[in-house]
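The file structure_6.pdb contains PDB, C-alpha atoms, pLDDT in the B column:
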```pdb
ATOM      1  CA  GLN A1497       2.288   9.374  10.774  1.00 68.00           C
ATOM      2  CA  PRO A1498       0.400   9.374  14.068  1.00 68.00           C
ATOM      3  CA  LYS A1499       2.050   7.561  16.994  1.00 74.00           C
ATOM      4  CA  VAL A1500      -1.083   7.108  19.134  1.00 79.00           C
ATOM      5  CA  LEU A1501      -4.602   6.364  17.920  1.00 81.00           C
ATOM      6  CA  LYS A1502      -7.811   6.851  19.848  1.00 85.00           C
ATOM      7  CA  ASP A1503     -11.007   5.281  18.504  1.00 88.00           C
ATOM      8  CA  ALA A1504      -8.920   3.337  16.000  1.00 86.00           C
ATOM      9  CA  LYS A1505     -10.600   2.119  12.848  1.00 91.00           C
ATOM     10  CA  ILE A1506      -8.314  -0.644  11.627  1.00 89.00           C
ATOM     11  CA  LEU A1507      -8.195  -2.097   8.128  1.00 90.00           C
ATOM     12  CA  VAL A1508      -6.277  -5.386   7.886  1.00 88.00           C
ATOM     13  CA  ALA A1509      -5.073  -6.494   4.446  1.00 88.00           C
ATOM     14  CA  ASN A1510      -2.654  -8.648   2.514  1.00 87.00           C
ATOM     15  CA  THR A1511      -2.070  -6.615  -0.632  1.00 87.00           C
ATOM     16  CA  ALA A1512       0.910  -5.466  -2.687  1.00 86.00           C
ATOM     17  CA  MET A1513       1.775  -1.823  -1.981  1.00 86.00           C
ATOM     18  CA  ASP A1514       4.859  -1.382  -4.167  1.00 79.00           C
ATOM     19  CA  THR A1515       5.379   0.486  -7.430  1.00 66.00           C
ATOM     20  CA  ASP A1516       9.149   0.675  -7.824  1.00 55.00           C
ATOM     21  CA  LYS A1517       9.335  -2.106 -10.398  1.00 54.00           C
ATOM     22  CA  ILE A1518       7.397  -2.453 -13.592  1.00 50.00           C
ATOM     23  CA  LYS A1519       4.715  -4.982 -12.739  1.00 55.00           C
ATOM     24  CA  ILE A1520       2.149  -4.915 -15.477  1.00 53.00           C
ATOM     25  CA  PHE A1521       0.967  -8.516 -15.146  1.00 55.00           C
ATOM     26  CA  GLY A1522       4.600  -9.643 -14.972  1.00 60.00           C
ATOM     27  CA  ALA A1523       5.256  -8.397 -18.510  1.00 65.00           C
ATOM     28  CA  ARG A1524       8.512  -7.253 -20.014  1.00 70.00           C
ATOM     29  CA  ILE A1525       8.524  -4.008 -21.890  1.00 73.00           C
ATOM     30  CA  ARG A1526      10.959  -2.995 -24.592  1.00 79.00           C
ATOM     31  CA  THR A1527      11.026   0.618 -25.574  1.00 79.00           C
ATOM     32  CA  ASP A1528      13.271   2.938 -27.536  1.00 83.00           C
ATOM     33  CA  SER A1529      12.075   6.020 -25.719  1.00 85.00           C
ATOM     34  CA  PRO A1530      12.634   7.046 -22.097  1.00 84.00           C
ATOM     35  CA  ALA A1531       9.372   9.005 -22.401  1.00 89.00           C
ATOM     36  CA  THR A1532       7.453   5.768 -22.893  1.00 85.00           C
ATOM     37  CA  LEU A1533       9.026   4.293 -19.769  1.00 79.00           C
ATOM     38  CA  ALA A1534       8.211   7.474 -17.856  1.00 84.00           C
ATOM     39  CA  ALA A1535       4.585   7.247 -18.983  1.00 88.00           C
ATOM     40  CA  ILE A1536       4.377   3.647 -17.737  1.00 81.00           C
ATOM     41  CA  GLU A1537       5.899   4.607 -14.378  1.00 82.00           C
ATOM     42  CA  LYS A1538       3.466   7.524 -14.093  1.00 89.00           C
ATOM     43  CA  ALA A1539       0.541   5.179 -14.786  1.00 86.00           C
ATOM     44  CA  GLU A1540       1.806   2.825 -12.050  1.00 86.00           C
ATOM     45  CA  ARG A1541       2.047   5.710  -9.570  1.00 89.00           C
ATOM     46  CA  GLU A1542      -1.480   6.834 -10.417  1.00 91.00           C
ATOM     47  CA  LYS A1543      -2.732   3.261  -9.999  1.00 90.00           C
ATOM     48  CA  MET A1544      -1.080   3.039  -6.553  1.00 91.00           C
ATOM     49  CA  ILE A1545      -2.521   6.412  -5.478  1.00 94.00           C
ATOM     50  CA  ALA A1546      -5.976   5.221  -6.583  1.00 93.00           C
ATOM     51  CA  LYS A1547      -5.479   2.053  -4.517  1.00 93.00           C
ATOM     52  CA  CYS A1548      -4.484   4.148  -1.486  1.00 94.00           C
ATOM     53  CA  LYS A1549      -7.534   6.383  -1.924  1.00 96.00           C
ATOM     54  CA  LYS A1550      -9.763   3.316  -2.061  1.00 95.00           C
ATOM     55  CA  ILE A1551      -8.225   2.026   1.178  1.00 95.00           C
ATOM     56  CA  ILE A1552      -8.742   5.394   2.884  1.00 96.00           C
ATOM     57  CA  SER A1553     -12.318   5.583   1.580  1.00 96.00           C
ATOM     58  CA  HIS A1554     -13.237   2.758   3.958  1.00 95.00           C
ATOM     59  CA  GLY A1555     -12.802   5.219   6.827  1.00 94.00           C
ATOM     60  CA  CYS A1556      -9.811   3.602   8.506  1.00 93.00           C
ATOM     61  CA  ASN A1557      -7.174   5.502  10.445  1.00 91.00           C
ATOM     62  CA  CYS A1558      -4.855   2.478  10.789  1.00 91.00           C
ATOM     63  CA  PHE A1559      -3.857   0.244   7.868  1.00 93.00           C
ATOM     64  CA  ILE A1560      -2.126  -3.028   8.726  1.00 91.00           C
ATOM     65  CA  ASN A1561      -0.666  -4.956   5.809  1.00 90.00           C
ATOM     66  CA  ARG A1562       1.077  -8.338   5.688  1.00 88.00           C
ATOM     67  CA  GLN A1563       3.307  -7.177   2.842  1.00 88.00           C
ATOM     68  CA  LEU A1564       5.810  -4.390   2.378  1.00 89.00           C
ATOM     69  CA  ILE A1565       4.510  -0.826   2.020  1.00 90.00           C
ATOM     70  CA  TYR A1566       6.784   1.296  -0.185  1.00 88.00           C
ATOM     71  CA  ASN A1567       7.485   5.002   0.230  1.00 89.00           C
ATOM     72  CA  LEU A1568       4.777   6.407  -2.043  1.00 90.00           C
ATOM     73  CA  PRO A1569       1.792   4.768  -0.320  1.00 92.00           C
ATOM     74  CA  GLU A1570       3.332   5.230   3.120  1.00 93.00           C
ATOM     75  CA  GLN A1571       3.732   8.967   2.488  1.00 93.00           C
ATOM     76  CA  PHE A1572       0.207   9.175   1.073  1.00 95.00           C
ATOM     77  CA  PHE A1573      -1.210   7.490   4.181  1.00 94.00           C
ATOM     78  CA  ALA A1574       0.827   9.773   6.477  1.00 93.00           C
ATOM     79  CA  ASP A1575      -0.377  12.866   4.611  1.00 94.00           C
ATOM     80  CA  ASN A1576      -3.958  11.686   5.145  1.00 94.00           C
ATOM     81  CA  GLY A1577      -3.527  10.857   8.847  1.00 91.00           C
ATOM     82  CA  VAL A1578      -3.553   7.071   8.445  1.00 93.00           C
ATOM     83  CA  MET A1579      -1.055   4.973  10.401  1.00 92.00           C
ATOM     84  CA  ALA A1580       0.481   2.321   8.131  1.00 92.00           C
ATOM     85  CA  ILE A1581       1.961  -0.856   9.589  1.00 90.00           C
ATOM     86  CA  GLU A1582       3.764  -3.330   7.323  1.00 89.00           C
ATOM     87  CA  HIS A1583       5.091  -6.889   7.598  1.00 86.00           C
ATOM     88  CA  SER A1584       2.586  -8.107  10.169  1.00 83.00           C
ATOM     89  CA  ASP A1585       2.863 -11.816  10.816  1.00 82.00           C
ATOM     90  CA  PHE A1586       0.131 -14.318  10.043  1.00 80.00           C
ATOM     91  CA  ASP A1587      -0.603 -15.209  13.682  1.00 81.00           C
ATOM     92  CA  GLY A1588      -0.945 -11.551  14.617  1.00 79.00           C
ATOM     93  CA  MET A1589      -3.324 -10.996  11.705  1.00 78.00           C
ATOM     94  CA  GLU A1590      -5.435 -13.966  12.781  1.00 80.00           C
ATOM     95  CA  ARG A1591      -5.657 -12.644  16.351  1.00 83.00           C
ATOM     96  CA  LEU A1592      -6.499  -9.167  15.120  1.00 78.00           C
ATOM     97  CA  GLY A1593      -9.231 -10.590  12.929  1.00 76.00           C
ATOM     98  CA  LEU A1594     -10.745 -12.442  15.890  1.00 81.00           C
ATOM     99  CA  VAL A1595     -10.533  -9.454  18.233  1.00 80.00           C
ATOM    100  CA  LEU A1596     -11.822  -6.879  15.743  1.00 75.00           C
ATOM    101  CA  GLY A1597     -14.578  -9.031  14.306  1.00 70.00           C
TER
END
```
Encoding of this model in structure tokens:
Amino acid sequence: QPKVLKDAKILVANTAMDTDKIKIFGARIRTDSPATLAAIEKAEREKMIAKCKKIISHGCNCFINRQLIYNLPEQFFADNGVMAIEHSDFDGMERLGLVLG
């Protein structure tokens, strides 16, 4: 992850960036097969990677999020040269929004 940014293009968001828990619309899943669970987890990972790609497609090199950013998206952003900042406070986000336009 870069430590210094020149000509920063900042994307400010408040979106969930976690995949460690099964979160398919808050549903519970019962399965007899570990393969089924693995397929669900794989689908979640692919969904998170698609979300990360969509964020990067906006051309940002700094992503600031109000919520937690888990390891998978953080690593994806780092691999693509995007600085990821998590847990920004509401006041800071408001000031950033005013300064950045």
How would you write, as a short mmCIF file (atom, residue, chain, number, x, y, z; two decimals) with C-alpha atoms, in the coordinates of the input, the residues chosen by the PyMOL selection byres ((chain A and resi 1568) around 10) on this structure?
```
data_model
loop_
_atom_site.label_atom_id
_atom_site.label_comp_id
_atom_site.auth_asym_id
_atom_site.auth_seq_id
_atom_site.Cartn_x
_atom_site.Cartn_y
_atom_site.Cartn_z
CA MET A 1513 1.78 -1.82 -1.98
CA ASP A 1514 4.86 -1.38 -4.17
CA THR A 1515 5.38 0.49 -7.43
CA ASP A 1516 9.15 0.68 -7.82
CA ARG A 1541 2.05 5.71 -9.57
CA MET A 1544 -1.08 3.04 -6.55
CA ILE A 1545 -2.52 6.41 -5.48
CA CYS A 1548 -4.48 4.15 -1.49
CA ILE A 1565 4.51 -0.83 2.02
CA TYR A 1566 6.78 1.30 -0.18
CA ASN A 1567 7.48 5.00 0.23
CA PRO A 1569 1.79 4.77 -0.32
CA GLU A 1570 3.33 5.23 3.12
CA GLN A 1571 3.73 8.97 2.49
CA PHE A 1572 0.21 9.18 1.07
CA PHE A 1573 -1.21 7.49 4.18
CA ALA A 1574 0.83 9.77 6.48
#
```
**OP:** Check the smallest atom-to-atom distance from each of A:Thr1511, A:Leu1596, A:Leu1501, A:Asn1557 to Ala1580 of chain A using all atoms listed in the file, then report the winner.
**Re:**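 Closest candidate: A:Asn1557.
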**OP:** Record the distance separating atom CA of Asp1575 of chain A and atom CA of Phe1559 of chain A, expressed in Å with one decimal.
**Re:** 13.5 Å
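Our summary of the geometry notes that atom CA of Arg1562 of chain A is positioned 22.3 Å from atom CA of Asp1503 of chain A.
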Original post:
Out of A:Ile1552, A:Val1578, A:Leu1564, A:Leu1594, which residue has the shortest atom-to-atom distance to Asn1510 of chain A when counting only C-alpha atoms?
Top reply: A:Leu1564
Subject >> atom CA of Ala1509 of chain A to atom CA of Arg1591 of chain A, distance in Å rounded to a single decimal >> reply: 13.4 Å
Original post:
In terms of the shortest atom-to-atom distance over all atoms listed in the file, which of A:Ile1536, A:Lys1502, A:Leu1507, A:Arg1524 is closest to Cys1556 of chain A?
Top reply: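 Looking at the shortest contact to Cys1556 of chain A, the residue is A:Leu1507.
Around the point (-17.2, -6.1, 12.3), within 12 Å and counting all atoms listed in the file, we find these residues: A:Lys1505, A:Ile1506, A:Leu1507, A:Val1508, A:Leu1592, A:Gly1593, A:Leu1594, A:Val1595, A:Leu1596, A:Gly1597.
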Original post:
Restricting the calculation to only C-alpha atoms, which member of A:Ile1525, A:Met1589, A:Ile1581, A:Asn1576 is positioned closest to Lys1549 of chain A?
Top reply: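 Once distances to Lys1549 of chain A are computed over only C-alpha atoms, the minimum belongs to A:Asn1576.
Candidate residues A:Leu1533, A:Glu1540, A:Glu1582, A:Lys1499 were compared for distance to Gln1563 of chain A, and the nearest is A:Glu1582, using only C-alpha atoms.
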